[in-house]
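Engineer: As input, take start-v3.pdb (PDB, C-alpha atoms):
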```pdb
ATOM      1  CA  MET A   1      50.009 150.059 -21.567
ATOM      2  CA  TYR A   2      49.260 149.346 -25.189
ATOM      3  CA  GLU A   3      45.977 147.956 -26.403
ATOM      4  CA  ILE A   4      46.415 144.620 -28.188
ATOM      5  CA  GLU A   5      43.972 143.963 -31.009
ATOM      6  CA  PHE A   6      43.691 140.907 -33.232
ATOM      7  CA  TYR A   7      43.160 141.752 -36.895
ATOM      8  CA  ASP A   8      39.932 140.415 -38.409
ATOM      9  CA  THR A   9      39.433 139.982 -42.146
ATOM     10  CA  GLU A  10      36.356 141.530 -43.713
ATOM     11  CA  ASP A  11      34.687 138.112 -43.751
ATOM     12  CA  GLY A  12      35.207 137.760 -39.981
ATOM     13  CA  ARG A  13      38.249 135.439 -39.849
ATOM     14  CA  CYS A  14      40.922 136.145 -37.259
ATOM     15  CA  PRO A  15      44.208 134.700 -38.588
ATOM     16  CA  VAL A  16      46.243 135.263 -35.422
ATOM     17  CA  GLN A  17      43.553 133.688 -33.193
ATOM     18  CA  GLU A  18      43.421 130.678 -35.524
ATOM     19  CA  PHE A  19      47.213 130.400 -35.250
ATOM     20  CA  LEU A  20      47.149 130.627 -31.436
ATOM     21  CA  ASP A  21      44.358 128.034 -31.215
ATOM     22  CA  ASP A  22      46.510 125.541 -33.149
ATOM     23  CA  LEU A  23      49.515 125.794 -30.792
ATOM     24  CA  ASP A  24      50.176 123.153 -28.160
ATOM     25  CA  PRO A  25      49.222 124.318 -24.641
ATOM     26  CA  LYS A  26      52.770 125.089 -23.454
ATOM     27  CA  MET A  27      53.698 127.121 -26.552
ATOM     28  CA  HIS A  28      50.292 128.818 -26.439
ATOM     29  CA  ALA A  29      50.942 129.964 -22.856
ATOM     30  CA  LYS A  30      54.464 131.191 -23.668
ATOM     31  CA  THR A  31      53.203 133.083 -26.718
ATOM     32  CA  LEU A  32      50.485 134.780 -24.640
ATOM     33  CA  ARG A  33      53.176 135.866 -22.151
ATOM     34  CA  THR A  34      55.141 137.418 -25.024
ATOM     35  CA  ILE A  35      51.977 139.248 -26.144
ATOM     36  CA  ASP A  36      51.666 140.526 -22.551
ATOM     37  CA  LEU A  37      55.208 141.942 -22.862
ATOM     38  CA  LEU A  38      54.137 143.802 -26.005
ATOM     39  CA  GLU A  39      51.086 145.145 -24.185
ATOM     40  CA  ALA A  40      53.264 146.425 -21.333
ATOM     41  CA  ASN A  41      56.171 147.791 -23.392
ATOM     42  CA  GLY A  42      54.816 148.726 -26.822
ATOM     43  CA  PRO A  43      57.561 149.988 -29.154
ATOM     44  CA  ALA A  44      60.128 149.762 -26.332
ATOM     45  CA  LEU A  45      60.023 145.942 -26.657
ATOM     46  CA  ARG A  46      63.232 144.901 -28.441
ATOM     47  CA  GLU A  47      65.348 141.862 -29.297
ATOM     48  CA  PRO A  48      65.019 138.989 -28.612
ATOM     49  CA  GLN A  49      61.204 139.281 -28.227
ATOM     50  CA  SER A  50      60.584 141.761 -31.032
ATOM     51  CA  GLY A  51      62.186 142.936 -34.241
ATOM     52  CA  SER A  52      61.377 145.180 -37.181
ATOM     53  CA  MET A  53      60.592 143.558 -40.524
ATOM     54  CA  GLY A  54      60.325 146.851 -42.438
ATOM     55  CA  ASP A  55      57.323 148.783 -43.786
ATOM     56  CA  GLY A  56      55.968 149.281 -40.258
ATOM     57  CA  ILE A  57      55.680 145.530 -39.632
ATOM     58  CA  PHE A  58      57.261 143.932 -36.566
ATOM     59  CA  GLU A  59      57.526 140.335 -35.434
ATOM     60  CA  LEU A  60      56.896 139.038 -31.944
ATOM     61  CA  ARG A  61      59.130 136.055 -31.189
ATOM     62  CA  THR A  62      58.554 133.192 -28.778
ATOM     63  CA  LYS A  63      60.850 130.210 -28.364
ATOM     64  CA  GLN A  64      60.239 126.918 -26.604
ATOM     65  CA  SER A  65      62.923 124.245 -26.998
ATOM     66  CA  SER A  66      63.420 123.941 -30.777
ATOM     67  CA  ASN A  67      60.083 125.555 -31.708
ATOM     68  CA  ILE A  68      59.949 129.236 -32.575
ATOM     69  CA  THR A  69      56.715 131.105 -33.199
ATOM     70  CA  ARG A  70      56.445 134.446 -34.940
ATOM     71  CA  ILE A  71      53.480 136.794 -34.884
ATOM     72  CA  PHE A  72      53.475 139.845 -37.119
ATOM     73  CA  TYR A  73      52.055 143.114 -35.829
ATOM     74  CA  PHE A  74      52.013 146.845 -36.443
ATOM     75  CA  PHE A  75      51.279 149.908 -34.374
ATOM     76  CA  PHE A  76      48.201 152.032 -34.916
ATOM     77  CA  VAL A  77      47.030 155.431 -33.666
ATOM     78  CA  GLY A  78      46.150 155.566 -29.989
ATOM     79  CA  LYS A  79      48.688 153.165 -28.494
ATOM     80  CA  LYS A  80      47.366 150.101 -30.297
ATOM     81  CA  ALA A  81      49.283 147.072 -31.509
ATOM     82  CA  ILE A  82      47.441 145.094 -34.172
ATOM     83  CA  LEU A  83      48.445 141.419 -34.416
ATOM     84  CA  THR A  84      47.898 140.125 -37.941
ATOM     85  CA  ASN A  85      49.130 136.555 -38.495
ATOM     86  CA  GLY A  86      51.519 134.000 -37.082
ATOM     87  CA  PHE A  87      53.538 130.967 -38.069
ATOM     88  CA  ILE A  88      56.011 128.463 -36.687
ATOM     89  CA  LYS A  89      59.454 129.278 -38.003
ATOM     90  CA  LYS A  90      61.217 126.252 -39.444
ATOM     91  CA  THR A  91      64.029 127.891 -41.433
ATOM     92  CA  GLN A  92      66.522 130.732 -40.914
ATOM     93  CA  LYS A  93      64.688 132.983 -43.340
ATOM     94  CA  THR A  94      61.225 134.386 -42.680
ATOM     95  CA  PRO A  95      58.802 133.034 -45.309
ATOM     96  CA  LYS A  96      58.126 135.820 -47.805
ATOM     97  CA  ALA A  97      54.471 134.776 -48.157
ATOM     98  CA  GLU A  98      53.855 135.271 -44.408
ATOM     99  CA  LEU A  99      55.418 138.738 -44.451
ATOM    100  CA  GLU A 100      53.449 139.710 -47.563
ATOM    101  CA  LEU A 101      50.267 138.547 -45.847
ATOM    102  CA  ALA A 102      51.042 140.777 -42.850
ATOM    103  CA  LYS A 103      51.560 143.757 -45.184
ATOM    104  CA  LYS A 104      48.275 143.001 -46.942
ATOM    105  CA  TYR A 105      46.428 142.788 -43.598
ATOM    106  CA  LYS A 106      48.014 146.066 -42.430
ATOM    107  CA  ALA A 107      46.923 147.848 -45.626
ATOM    108  CA  ASP A 108      43.411 146.418 -45.280
ATOM    109  CA  TYR A 109      43.162 147.488 -41.625
ATOM    110  CA  GLU A 110      44.353 151.007 -42.418
ATOM    111  CA  ARG A 111      41.927 151.243 -45.341
ATOM    112  CA  ARG A 112      39.000 150.249 -43.095
ATOM    113  CA  TYR A 113      39.918 152.199 -39.929
ATOM    114  CA  CYS A 114      41.814 155.327 -41.044
ATOM    115  CA  LYS A 115      38.988 157.765 -41.441
TER     116      LYS A 115
END
```
So, in terms of structure tokens, how does the structure I just supplied come out?
Structural biologist:
Amino acid sequence: MYEIEFYDTEDGRCPVQEFLDDLDPKMHAKTLRTIDLLEANGPALREPQSGSMGDGIFELRTKQSSNITRIFYFFFVGKKAILTNGFIKKTQKTPKAELELAKKYKADYERRYCK
């Protein structure tokens, strides 16, 4: 089992929790089930639920009818998966700004917790 942790900014915001709170109840439940799969499988979780985005960032994918959610995460020492931010995918390509945000959050987390 992997420990799932939601990234918090230094000012106390939790982007992935804010994203989850904005989902409709059915998509929220499906997304939580996908997070449970990550908790159970860690890096062994593969397509279609998970995929590498490069630079140590992965995306967790959940689909319900025509809606697709993505949550970025990375692995950390001690069997931890840190979930950073999420979005609803509306185009084929992953929005660059969302991926850059995940990289920024990863760097911030590592700066604060790699001691």
Engineer: Could you give me, as a list in words, the residues within 7 Å of range 11-26 of chain A, counting all atoms listed in the file and dropping anything in the same chain fewer than 5 positions from it?
Structural biologist: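 What passes the distance filter is Phe6, Leu83, Thr84, Asn85, Gly86 and Phe87 of chain A.
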Engineer: Step by step: start from the point (44.9, 152.8, -32.9) in the file's coordinates, keep every protein, DNA or RNA residue that has an atom no farther than 10 Å from it, count only C-alpha atoms, and write the set as number ranges by chain.
Structural biologist: A: 2-5, 74-82, 110, 113-114
Engineer: Choose the residue, out of A:Ala40, A:Met1, A:Ala97, A:Ile68, that has the smallest atom-to-atom separation from His28 in chain A; count only C-alpha atoms.
Structural biologist: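 The answer is A:Ile68, which sits nearest to His28 in chain A.
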Engineer: Which residues are near range 60-67 of chain A? Cut-off 6 Å, all atoms listed in the file, ignore same chain within fewer than 3 positions. Put them as a list in words.
Structural biologist: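 Counting only the stated atoms, we get Thr31, Gln49, Ser50, Arg70 and Ile71 of chain A.
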Engineer: Can you tell me, as a CSV table (one decimal) with C-alpha atoms, in the frame of the given file, what residues are no more than 10 Å from Glu10 in chain A when counting all atoms listed in the file, ignoring any on the same chain fewer than 5 positions away?
Structural biologist:
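Wrote it out as out-v8.csv, contents follow:
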```csv
chain,number,residue,atom,x,y,z
A,108,ASP,CA,43.4,146.4,-45.3
A,109,TYR,CA,43.2,147.5,-41.6
A,112,ARG,CA,39.0,150.2,-43.1
```
Engineer: Between A:Arg111, A:Thr34, A:Ile88, A:Leu99, single out the one closest to Gly56 in chain A, counting all atoms listed in the file.
Structural biologist: A:Leu99
Engineer: Kindly reconstruct range 39-58 of chain A with N, CA, C and O atoms and present the result as an mmCIF file, keeping the file's coordinate frame.
Structural biologist:
```cif
data_model
loop_
_atom_site.group_PDB
_atom_site.id
_atom_site.type_symbol
_atom_site.label_atom_id
_atom_site.label_comp_id
_atom_site.auth_asym_id
_atom_site.auth_seq_id
_atom_site.Cartn_x
_atom_site.Cartn_y
_atom_site.Cartn_z
ATOM 1 N N GLU A 39 52.110 144.280 -24.782
ATOM 2 C CA GLU A 39 51.086 145.145 -24.185
ATOM 3 C C GLU A 39 51.705 146.096 -23.171
ATOM 4 O O GLU A 39 51.374 147.281 -23.129
ATOM 5 N N ALA A 40 52.640 145.608 -22.369
ATOM 6 C CA ALA A 40 53.264 146.425 -21.333
ATOM 7 C C ALA A 40 54.308 147.398 -21.880
ATOM 8 O O ALA A 40 54.440 148.514 -21.376
ATOM 9 N N ASN A 41 55.030 146.998 -22.925
ATOM 10 C CA ASN A 41 56.171 147.791 -23.392
ATOM 11 C C ASN A 41 55.987 148.514 -24.721
ATOM 12 O O ASN A 41 56.755 149.421 -25.036
ATOM 13 N N GLY A 42 55.031 148.089 -25.524
ATOM 14 C CA GLY A 42 54.816 148.726 -26.822
ATOM 15 C C GLY A 42 56.085 148.752 -27.650
ATOM 16 O O GLY A 42 56.837 147.775 -27.697
ATOM 17 N N PRO A 43 56.386 149.909 -28.279
ATOM 18 C CA PRO A 43 57.561 149.988 -29.154
ATOM 19 C C PRO A 43 58.895 149.857 -28.414
ATOM 20 O O PRO A 43 59.928 149.682 -29.054
ATOM 21 N N ALA A 44 58.883 149.923 -27.094
ATOM 22 C CA ALA A 44 60.128 149.762 -26.332
ATOM 23 C C ALA A 44 60.557 148.289 -26.266
ATOM 24 O O ALA A 44 61.684 147.996 -25.876
ATOM 25 N N LEU A 45 59.674 147.361 -26.650
ATOM 26 C CA LEU A 45 60.023 145.942 -26.657
ATOM 27 C C LEU A 45 61.015 145.687 -27.797
ATOM 28 O O LEU A 45 60.776 146.053 -28.935
ATOM 29 N N ARG A 46 62.150 145.107 -27.468
ATOM 30 C CA ARG A 46 63.232 144.901 -28.441
ATOM 31 C C ARG A 46 63.638 143.433 -28.515
ATOM 32 O O ARG A 46 63.005 142.573 -27.940
ATOM 33 N N GLU A 47 64.768 143.196 -29.203
ATOM 34 C CA GLU A 47 65.348 141.862 -29.297
ATOM 35 C C GLU A 47 65.504 141.296 -27.882
ATOM 36 O O GLU A 47 65.815 142.042 -26.982
ATOM 37 N N PRO A 48 65.333 140.040 -27.650
ATOM 38 C CA PRO A 48 65.019 138.989 -28.612
ATOM 39 C C PRO A 48 63.512 138.786 -28.827
ATOM 40 O O PRO A 48 63.127 137.983 -29.653
ATOM 41 N N GLN A 49 62.648 139.511 -28.088
ATOM 42 C CA GLN A 49 61.204 139.281 -28.227
ATOM 43 C C GLN A 49 60.581 139.944 -29.449
ATOM 44 O O GLN A 49 59.549 139.516 -29.932
ATOM 45 N N SER A 50 61.188 141.024 -29.932
ATOM 46 C CA SER A 50 60.584 141.761 -31.032
ATOM 47 C C SER A 50 61.652 142.278 -31.984
ATOM 48 O O SER A 50 62.764 142.578 -31.572
ATOM 49 N N GLY A 51 61.268 142.391 -33.249
ATOM 50 C CA GLY A 51 62.186 142.936 -34.241
ATOM 51 C C GLY A 51 61.411 143.531 -35.407
ATOM 52 O O GLY A 51 60.306 143.095 -35.716
ATOM 53 N N SER A 52 62.008 144.530 -36.038
ATOM 54 C CA SER A 52 61.377 145.180 -37.181
ATOM 55 C C SER A 52 61.592 144.355 -38.440
ATOM 56 O O SER A 52 62.675 143.826 -38.683
ATOM 57 N N MET A 53 60.527 144.274 -39.250
ATOM 58 C CA MET A 53 60.592 143.558 -40.524
ATOM 59 C C MET A 53 60.510 144.533 -41.697
ATOM 60 O O MET A 53 60.493 144.126 -42.843
ATOM 61 N N GLY A 54 60.430 145.830 -41.400
ATOM 62 C CA GLY A 54 60.325 146.851 -42.438
ATOM 63 C C GLY A 54 58.871 147.174 -42.766
ATOM 64 O O GLY A 54 57.960 146.411 -42.436
ATOM 65 N N ASP A 55 58.659 148.327 -43.381
ATOM 66 C CA ASP A 55 57.323 148.783 -43.786
ATOM 67 C C ASP A 55 56.342 148.863 -42.614
ATOM 68 O O ASP A 55 55.140 148.642 -42.791
ATOM 69 N N GLY A 56 56.845 149.143 -41.417
ATOM 70 C CA GLY A 56 55.968 149.281 -40.258
ATOM 71 C C GLY A 56 55.506 147.972 -39.658
ATOM 72 O O GLY A 56 54.676 147.957 -38.749
ATOM 73 N N ILE A 57 56.040 146.861 -40.146
ATOM 74 C CA ILE A 57 55.680 145.530 -39.632
ATOM 75 C C ILE A 57 56.775 145.067 -38.668
ATOM 76 O O ILE A 57 57.964 145.215 -38.939
ATOM 77 N N PHE A 58 56.349 144.495 -37.554
ATOM 78 C CA PHE A 58 57.261 143.932 -36.566
ATOM 79 C C PHE A 58 56.897 142.477 -36.342
ATOM 80 O O PHE A 58 55.797 142.056 -36.672
#
```
